[in-house]
Every structure is written in C-alpha cells, then in structure tokens.
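Right, one structure below, let's go through it.
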Amino acid sequence: MEKLSKASQSVRQNNPSNQKEANDKIQDGKLELKQETPDEALTDQIVMAGEALNRRNIWEPSVYYALGKESFYFAGHDISIRESIDTFGALIWPGAVALCQFLENNQQQMNLMDKAVLEIGAGTGLLAIVASLLGAWVTATDLPDILSNLTFNLLRNTKGRSRYTPQVAALAWGQDLERDFPYPAYHYDYVLAADVVYHHDCLQELLETMRHFCRPGSRTTLLWANKIRFQSDLRFTECFKSSFNTTLLTELPQQEVRIYKATAKE
C-alpha cells in the first residue's frame, strides 16, 4: 500500500498552484486533462493494480474475500460477488461499498422503492444488486466484455429477492447515447456511479454521459461516489461541480471516498 498512500497524499497536499492547474483546464464545461508522461501514467496504473491486489487482503465486518469471491451483507441479504483480476471493471472498489452503505443507511432520504435506477460503470454489480434489494427497478450498464460476469452476479443475488428483475445493457460512455438511450424514452429517477473516475482516457465521455441522463427538466438525481487518487480526479470533480448542482452528501476520510448528489442546472 506504500505507493497508494503516496499517491493519495499527493492529492491531499494540494497547493494553490496545483489547484490552479485543476481549474484552468475547465473551459465552457469541457474537461481538458493534462497529458501525463509515460512514467506518470505507469505510476498511476501501478497504484490501481496495487489497490486491486490489496483488496484480497482485507477483512471488514461486512465483507470477506475468498477464492475469487467477496461476500457482503446489505439490505438484509448475504451477497456473493464473483470478481476477476483481469480487468478493473471486474473488481469491487471502495466507492461502490461506500455508496451501498449510504443507500442502506439513508433509505428515507434516498428512497429507491419502485424507482427507475440506472447504474453506469456497474462492474461486478454490487451497487446494482443493493439498489434492487432496496426495491428499485435497475438497469446496470458497462462495456460488453464486462456484461457476462455482471449478469451472473445480478441474477445470482436478486432472484427471488427483489421486486423487479434487474436489466443489463451495454453502454460505452459518450457513444451512441441518443441512439441507444434516447430521452425521454429512457428516463431514470436515479443514476448511480461508483469509482468511475480513475486512470483512464474517457473522463470527458463520462461527463457527457452523466449530462445525457441527468439533463435539465429530467428531475433525475445523480449519486456519484469515488475514491480520490490522482490529480485528474480533482480536475474531473471541479468540472462535475460546474456542470451540475452538487451537494457533498458525505466524506469518508479514512477511505478517501466522497459521495455527491447532483441535479442538472436549469
């Protein structure tokens, strides 16, 4: 965890010049990320890989890991998640666990019963499963190569337990949104996103996708939980705040996770 700690510390110890760098890349709501050097990009990848491997060495009251599976207890049910080390999208990240806990503990504030819920970047499906168990009609989306494991986990953990059978759909951020998810035919009460911001080249497309589903007049609420790892995470957060009416619902300093609620600016 040494590399991870150093990377996280570099984010926390922001000085004014770093903050200016985070802000001056945002123009007209468009996110322009500073080009990383090969060494910086490699370091970020090592941090993410190290964090993924360290998921295998944890034990918490609500989760344990064994033989490629993690087990959780949310919404009154044991949940078993099959993971894969082959891709970041097939792992469980701290933002997903934090948002699951938040939704379970704040059901009056965020009542998902009979609500239409979309998850973007659903990964292993933990968050979509918990939303389903809390009574939501859920559509979980991710890239095509993630969907098989996602579907397996969703069906395994919601069959006979949830009010609605969760749906699975392919969604590549920023691509063919009007064709595949035209508004208002595809309208959701809530959009969920957990740990979708990390080292990848699709941050602008991610923001476009958030805007597509959470647009003026839609009354859609976006819930985004993320661990802050890199300077690019801070730049994305600033642009996110400029695009939406945002509220910081909770911050978990120990896990370095923040959970935001957002609605479209009219």
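Just remember, in the structure tokens the first chain shown is A, the second B, etc., residues are 1-based per chain, and ligands are 1-based in the order shown.
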
**OP:** Apply DSSP to the backbone of this structure and, from range 135-189 of chain A, keep only the residues in alpha helix (DSSP H); write these as a PyMOL selection string.
**Re:** chain A and resi 147-158+177-180

Selected residues written out, N, CA, C and O atoms, as a PDB file, in the first residue's frame:
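Contents of result22.pdb, freshly written:
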ATOM      1  N   LEU A 147     -20.222  -7.601 -19.280  1.00  0.00           N
ATOM      2  CA  LEU A 147     -21.629  -7.924 -19.042  1.00  0.00           C
ATOM      3  C   LEU A 147     -21.881  -9.355 -18.591  1.00  0.00           C
ATOM      4  O   LEU A 147     -22.828  -9.616 -17.843  1.00  0.00           O
ATOM      5  N   SER A 148     -21.068 -10.303 -19.031  1.00  0.00           N
ATOM      6  CA  SER A 148     -21.301 -11.691 -18.657  1.00  0.00           C
ATOM      7  C   SER A 148     -21.184 -11.883 -17.144  1.00  0.00           C
ATOM      8  O   SER A 148     -22.077 -12.461 -16.502  1.00  0.00           O
ATOM      9  N   ASN A 149     -20.090 -11.403 -16.568  1.00  0.00           N
ATOM     10  CA  ASN A 149     -19.901 -11.531 -15.122  1.00  0.00           C
ATOM     11  C   ASN A 149     -20.911 -10.675 -14.364  1.00  0.00           C
ATOM     12  O   ASN A 149     -21.426 -11.081 -13.311  1.00  0.00           O
ATOM     13  N   LEU A 150     -21.221  -9.503 -14.895  1.00  0.00           N
ATOM     14  CA  LEU A 150     -22.215  -8.621 -14.281  1.00  0.00           C
ATOM     15  C   LEU A 150     -23.571  -9.312 -14.214  1.00  0.00           C
ATOM     16  O   LEU A 150     -24.232  -9.314 -13.160  1.00  0.00           O
ATOM     17  N   THR A 151     -23.987  -9.917 -15.322  1.00  0.00           N
ATOM     18  CA  THR A 151     -25.277 -10.611 -15.359  1.00  0.00           C
ATOM     19  C   THR A 151     -25.303 -11.772 -14.373  1.00  0.00           C
ATOM     20  O   THR A 151     -26.292 -11.979 -13.656  1.00  0.00           O
ATOM     21  N   PHE A 152     -24.203 -12.525 -14.336  1.00  0.00           N
ATOM     22  CA  PHE A 152     -24.109 -13.654 -13.410  1.00  0.00           C
ATOM     23  C   PHE A 152     -24.321 -13.201 -11.970  1.00  0.00           C
ATOM     24  O   PHE A 152     -25.111 -13.800 -11.214  1.00  0.00           O
ATOM     25  N   ASN A 153     -23.625 -12.139 -11.571  1.00  0.00           N
ATOM     26  CA  ASN A 153     -23.736 -11.663 -10.191  1.00  0.00           C
ATOM     27  C   ASN A 153     -25.125 -11.114  -9.885  1.00  0.00           C
ATOM     28  O   ASN A 153     -25.670 -11.345  -8.795  1.00  0.00           O
ATOM     29  N   LEU A 154     -25.709 -10.385 -10.830  1.00  0.00           N
ATOM     30  CA  LEU A 154     -27.043  -9.811 -10.608  1.00  0.00           C
ATOM     31  C   LEU A 154     -28.086 -10.902 -10.397  1.00  0.00           C
ATOM     32  O   LEU A 154     -28.862 -10.858  -9.438  1.00  0.00           O
ATOM     33  N   LEU A 155     -28.116 -11.882 -11.292  1.00  0.00           N
ATOM     34  CA  LEU A 155     -29.129 -12.935 -11.201  1.00  0.00           C
ATOM     35  C   LEU A 155     -28.923 -13.795  -9.965  1.00  0.00           C
ATOM     36  O   LEU A 155     -29.882 -14.195  -9.296  1.00  0.00           O
ATOM     37  N   ARG A 156     -27.671 -14.073  -9.668  1.00  0.00           N
ATOM     38  CA  ARG A 156     -27.350 -14.924  -8.520  1.00  0.00           C
ATOM     39  C   ARG A 156     -27.844 -14.318  -7.211  1.00  0.00           C
ATOM     40  O   ARG A 156     -28.255 -15.036  -6.299  1.00  0.00           O
ATOM     41  N   ASN A 157     -27.811 -12.982  -7.112  1.00  0.00           N
ATOM     42  CA  ASN A 157     -28.078 -12.332  -5.835  1.00  0.00           C
ATOM     43  C   ASN A 157     -29.451 -11.659  -5.725  1.00  0.00           C
ATOM     44  O   ASN A 157     -29.799 -11.183  -4.640  1.00  0.00           O
ATOM     45  N   THR A 158     -30.201 -11.610  -6.820  1.00  0.00           N
ATOM     46  CA  THR A 158     -31.508 -10.936  -6.758  1.00  0.00           C
ATOM     47  C   THR A 158     -32.675 -11.863  -7.045  1.00  0.00           C
ATOM     48  O   THR A 158     -33.822 -11.513  -6.722  1.00  0.00           O
ATOM     49  N   LEU A 177     -25.347   7.615 -27.466  1.00  0.00           N
ATOM     50  CA  LEU A 177     -26.295   7.779 -26.364  1.00  0.00           C
ATOM     51  C   LEU A 177     -27.694   8.108 -26.868  1.00  0.00           C
ATOM     52  O   LEU A 177     -28.688   7.548 -26.387  1.00  0.00           O
ATOM     53  N   GLU A 178     -27.785   9.004 -27.837  1.00  0.00           N
ATOM     54  CA  GLU A 178     -29.104   9.384 -28.364  1.00  0.00           C
ATOM     55  C   GLU A 178     -29.749   8.228 -29.116  1.00  0.00           C
ATOM     56  O   GLU A 178     -30.972   8.082 -29.112  1.00  0.00           O
ATOM     57  N   ARG A 179     -28.946   7.385 -29.724  1.00  0.00           N
ATOM     58  CA  ARG A 179     -29.490   6.241 -30.460  1.00  0.00           C
ATOM     59  C   ARG A 179     -29.953   5.134 -29.509  1.00  0.00           C
ATOM     60  O   ARG A 179     -31.058   4.595 -29.659  1.00  0.00           O
ATOM     61  N   ASP A 180     -29.105   4.789 -28.517  1.00  0.00           N
ATOM     62  CA  ASP A 180     -29.383   3.637 -27.661  1.00  0.00           C
ATOM     63  C   ASP A 180     -30.203   3.981 -26.422  1.00  0.00           C
ATOM     64  O   ASP A 180     -30.926   3.126 -25.901  1.00  0.00           O
TER      65      ASP A 180
END

Subject >> For range 212-223 of chain A: contacts at 8 Å, only C-alpha atoms, fewer than 5 positions along chain excluded, given as a list in words >> reply: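 Residues meeting the cut-off are Leu177, Tyr183, His187, Tyr188, Asp189, Tyr190, Val191, Leu192, Ala193, Ile259, Tyr260, Lys261, Ala262, Thr263, Ala264, Lys265 and Glu266 of chain A.
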
Could you save those same residues with all heavy atoms as a compact mmCIF listing (two decimals), in the first residue's frame?
# COMPACT_ATOMS: atom_id res chain seq x y z
N LEU A 177 -25.35 7.62 -27.47
CA LEU A 177 -26.29 7.78 -26.36
C LEU A 177 -27.69 8.11 -26.87
O LEU A 177 -28.69 7.55 -26.39
CB LEU A 177 -25.80 8.88 -25.42
CG LEU A 177 -24.50 8.56 -24.66
CD1 LEU A 177 -24.03 9.79 -23.89
CD2 LEU A 177 -24.69 7.38 -23.72
N TYR A 183 -33.74 10.23 -24.91
CA TYR A 183 -34.56 10.88 -23.88
C TYR A 183 -35.80 11.44 -24.57
O TYR A 183 -35.69 11.97 -25.66
CB TYR A 183 -33.75 12.00 -23.22
CG TYR A 183 -34.51 12.71 -22.13
CD1 TYR A 183 -34.53 12.19 -20.83
CD2 TYR A 183 -35.20 13.88 -22.40
CE1 TYR A 183 -35.24 12.84 -19.84
CE2 TYR A 183 -35.92 14.53 -21.40
CZ TYR A 183 -35.93 14.00 -20.12
OH TYR A 183 -36.64 14.65 -19.13
N HIS A 187 -35.83 7.32 -19.21
CA HIS A 187 -35.76 8.31 -18.13
C HIS A 187 -35.62 7.57 -16.80
O HIS A 187 -36.30 6.58 -16.55
CB HIS A 187 -37.01 9.19 -18.11
CG HIS A 187 -37.08 10.06 -16.88
ND1 HIS A 187 -37.81 9.71 -15.76
CD2 HIS A 187 -36.50 11.24 -16.59
CE1 HIS A 187 -37.68 10.65 -14.84
NE2 HIS A 187 -36.88 11.59 -15.33
N TYR A 188 -34.73 8.07 -15.95
CA TYR A 188 -34.45 7.40 -14.67
C TYR A 188 -34.60 8.39 -13.52
O TYR A 188 -34.26 9.58 -13.65
CB TYR A 188 -33.03 6.82 -14.68
CG TYR A 188 -32.83 5.81 -15.78
CD1 TYR A 188 -32.32 6.20 -17.03
CD2 TYR A 188 -33.19 4.47 -15.60
CE1 TYR A 188 -32.16 5.27 -18.05
CE2 TYR A 188 -33.04 3.55 -16.62
CZ TYR A 188 -32.52 3.95 -17.83
OH TYR A 188 -32.37 3.04 -18.85
N ASP A 189 -35.10 7.87 -12.41
CA ASP A 189 -35.19 8.70 -11.21
C ASP A 189 -33.81 8.93 -10.60
O ASP A 189 -33.52 10.03 -10.11
CB ASP A 189 -36.10 8.02 -10.17
CG ASP A 189 -37.52 7.83 -10.68
OD1 ASP A 189 -38.18 8.84 -10.94
OD2 ASP A 189 -37.94 6.65 -10.83
N TYR A 190 -32.99 7.89 -10.64
CA TYR A 190 -31.64 7.99 -10.10
C TYR A 190 -30.64 7.40 -11.09
O TYR A 190 -30.90 6.38 -11.74
CB TYR A 190 -31.51 7.21 -8.78
CG TYR A 190 -32.22 7.85 -7.62
CD1 TYR A 190 -33.53 7.49 -7.30
CD2 TYR A 190 -31.59 8.81 -6.82
CE1 TYR A 190 -34.20 8.07 -6.23
CE2 TYR A 190 -32.24 9.39 -5.75
CZ TYR A 190 -33.54 9.02 -5.45
OH TYR A 190 -34.19 9.60 -4.39
N VAL A 191 -29.48 8.04 -11.18
CA VAL A 191 -28.32 7.48 -11.87
C VAL A 191 -27.24 7.28 -10.83
O VAL A 191 -26.92 8.21 -10.07
CB VAL A 191 -27.82 8.40 -13.00
CG1 VAL A 191 -26.51 7.88 -13.59
CG2 VAL A 191 -28.88 8.53 -14.09
N LEU A 192 -26.69 6.07 -10.76
CA LEU A 192 -25.66 5.74 -9.79
C LEU A 192 -24.32 5.55 -10.50
O LEU A 192 -24.26 4.96 -11.58
CB LEU A 192 -26.01 4.45 -9.05
CG LEU A 192 -27.40 4.37 -8.40
CD1 LEU A 192 -27.58 3.02 -7.70
CD2 LEU A 192 -27.62 5.51 -7.42
N ALA A 193 -23.27 6.04 -9.87
CA ALA A 193 -21.91 5.88 -10.42
C ALA A 193 -20.95 5.74 -9.25
O ALA A 193 -20.94 6.58 -8.35
CB ALA A 193 -21.53 7.08 -11.29
N ILE A 259 -19.02 11.16 -1.50
CA ILE A 259 -20.28 10.84 -2.16
C ILE A 259 -21.01 12.15 -2.44
O ILE A 259 -21.28 12.93 -1.52
CB ILE A 259 -21.16 9.92 -1.31
CG1 ILE A 259 -20.42 8.60 -1.01
CG2 ILE A 259 -22.49 9.64 -2.02
CD1 ILE A 259 -21.21 7.64 -0.14
N TYR A 260 -21.33 12.37 -3.72
CA TYR A 260 -22.02 13.59 -4.16
C TYR A 260 -23.42 13.28 -4.64
O TYR A 260 -23.66 12.22 -5.24
CB TYR A 260 -21.25 14.25 -5.30
CG TYR A 260 -19.94 14.87 -4.94
CD1 TYR A 260 -18.74 14.16 -5.11
CD2 TYR A 260 -19.86 16.17 -4.45
CE1 TYR A 260 -17.51 14.73 -4.78
CE2 TYR A 260 -18.64 16.75 -4.12
CZ TYR A 260 -17.46 16.02 -4.29
OH TYR A 260 -16.26 16.59 -3.98
N LYS A 261 -24.32 14.20 -4.41
CA LYS A 261 -25.63 14.21 -5.05
C LYS A 261 -25.63 15.36 -6.05
O LYS A 261 -25.17 16.46 -5.74
CB LYS A 261 -26.75 14.41 -4.03
CG LYS A 261 -28.13 14.44 -4.65
CD LYS A 261 -29.23 14.60 -3.60
CE LYS A 261 -29.30 16.02 -3.07
NZ LYS A 261 -30.50 16.24 -2.22
N ALA A 262 -26.17 15.11 -7.25
CA ALA A 262 -26.15 16.14 -8.28
C ALA A 262 -27.48 16.15 -9.05
O ALA A 262 -28.09 15.09 -9.26
CB ALA A 262 -24.99 15.92 -9.24
N THR A 263 -27.88 17.34 -9.45
CA THR A 263 -29.01 17.51 -10.36
C THR A 263 -28.58 18.48 -11.44
O THR A 263 -27.62 19.25 -11.28
CB THR A 263 -30.25 18.05 -9.62
OG1 THR A 263 -29.91 19.28 -8.96
CG2 THR A 263 -30.77 17.04 -8.60
N ALA A 264 -29.30 18.45 -12.57
CA ALA A 264 -28.92 19.30 -13.70
C ALA A 264 -29.17 20.77 -13.38
O ALA A 264 -30.13 21.11 -12.70
CB ALA A 264 -29.71 18.91 -14.93
N LYS A 265 -28.29 21.61 -13.86
CA LYS A 265 -28.52 23.05 -13.77
C LYS A 265 -29.54 23.46 -14.80
O LYS A 265 -29.47 23.06 -15.96
CB LYS A 265 -27.21 23.80 -14.00
CG LYS A 265 -26.22 23.67 -12.84
CD LYS A 265 -24.99 24.55 -13.05
CE LYS A 265 -24.10 24.48 -11.83
NZ LYS A 265 -22.89 25.35 -12.00
N GLU A 266 -30.53 24.24 -14.38
CA GLU A 266 -31.60 24.65 -15.31
C GLU A 266 -31.08 25.73 -16.24
O GLU A 266 -30.25 26.52 -15.89
CB GLU A 266 -32.81 25.16 -14.51
CG GLU A 266 -33.40 24.08 -13.61
CD GLU A 266 -33.97 22.91 -14.38
OE1 GLU A 266 -34.40 23.11 -15.54
OE2 GLU A 266 -33.98 21.79 -13.83

**OP:** Tell me which protein, DNA and RNA residues are within 12 Å of Arg163 in chain A, counting only C-alpha atoms, leaving out same-chain ones fewer than 2 positions away, and put them as a PyMOL selection string.
**Re:** chain A and resi 112-115+129+131-138+158-161+165-166

**OP:** Report the distance between CA of Gly95 in chain A and CA of Tyr73 in chain A in Å, rounded to one decimal place.
**Re:** 16.2 Å

**OP:** Mind checking which residues fall within 7 Å of Gly121 in chain A, counting only C-alpha atoms, ignoring those fewer than 4 positions away in the same chain, and posting them as a ChimeraX atom specification?
**Re:** /A:141-142,193,196

**OP:** For CA of Ala122 in chain A and CA of Gln109 in chain A, determine how far apart the two atoms are, in Å to one decimal place.
**Re:**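 CA of Gln109 in chain A lies at a distance of 22.6 Å from CA of Ala122 in chain A.
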
Original post:
For Cys202 in chain A, which residue out of A:Gly174, A:Pro182, A:Gly123, A:Pro253 is the nearest one, using only C-alpha atoms?
Top reply: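 Closest residue, counting only C-alpha atoms: A:Gly174.
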
Subject >> A:Thr124, A:Ala75, A:Ala172, A:Asp233 ranked by distance to Gln101 in chain A, top pick (using only C-alpha atoms) >> reply: A:Ala75

**OP:** Taking the DSSP assignment computed from this structure's backbone, write out as a PyMOL selection string all residues of range 61-230 of chain A that belong to strand (DSSP E or B).
**Re:** chain A and resi 63-66+69-74+77-82+116-120+137-142+167-170+190-194+221-227

Subject >> Nearest-residue call for Leu249 in chain A, choices A:Pro184, A:Trp224, A:Pro94, A:Ala140, using only C-alpha atoms >> reply: A:Trp224
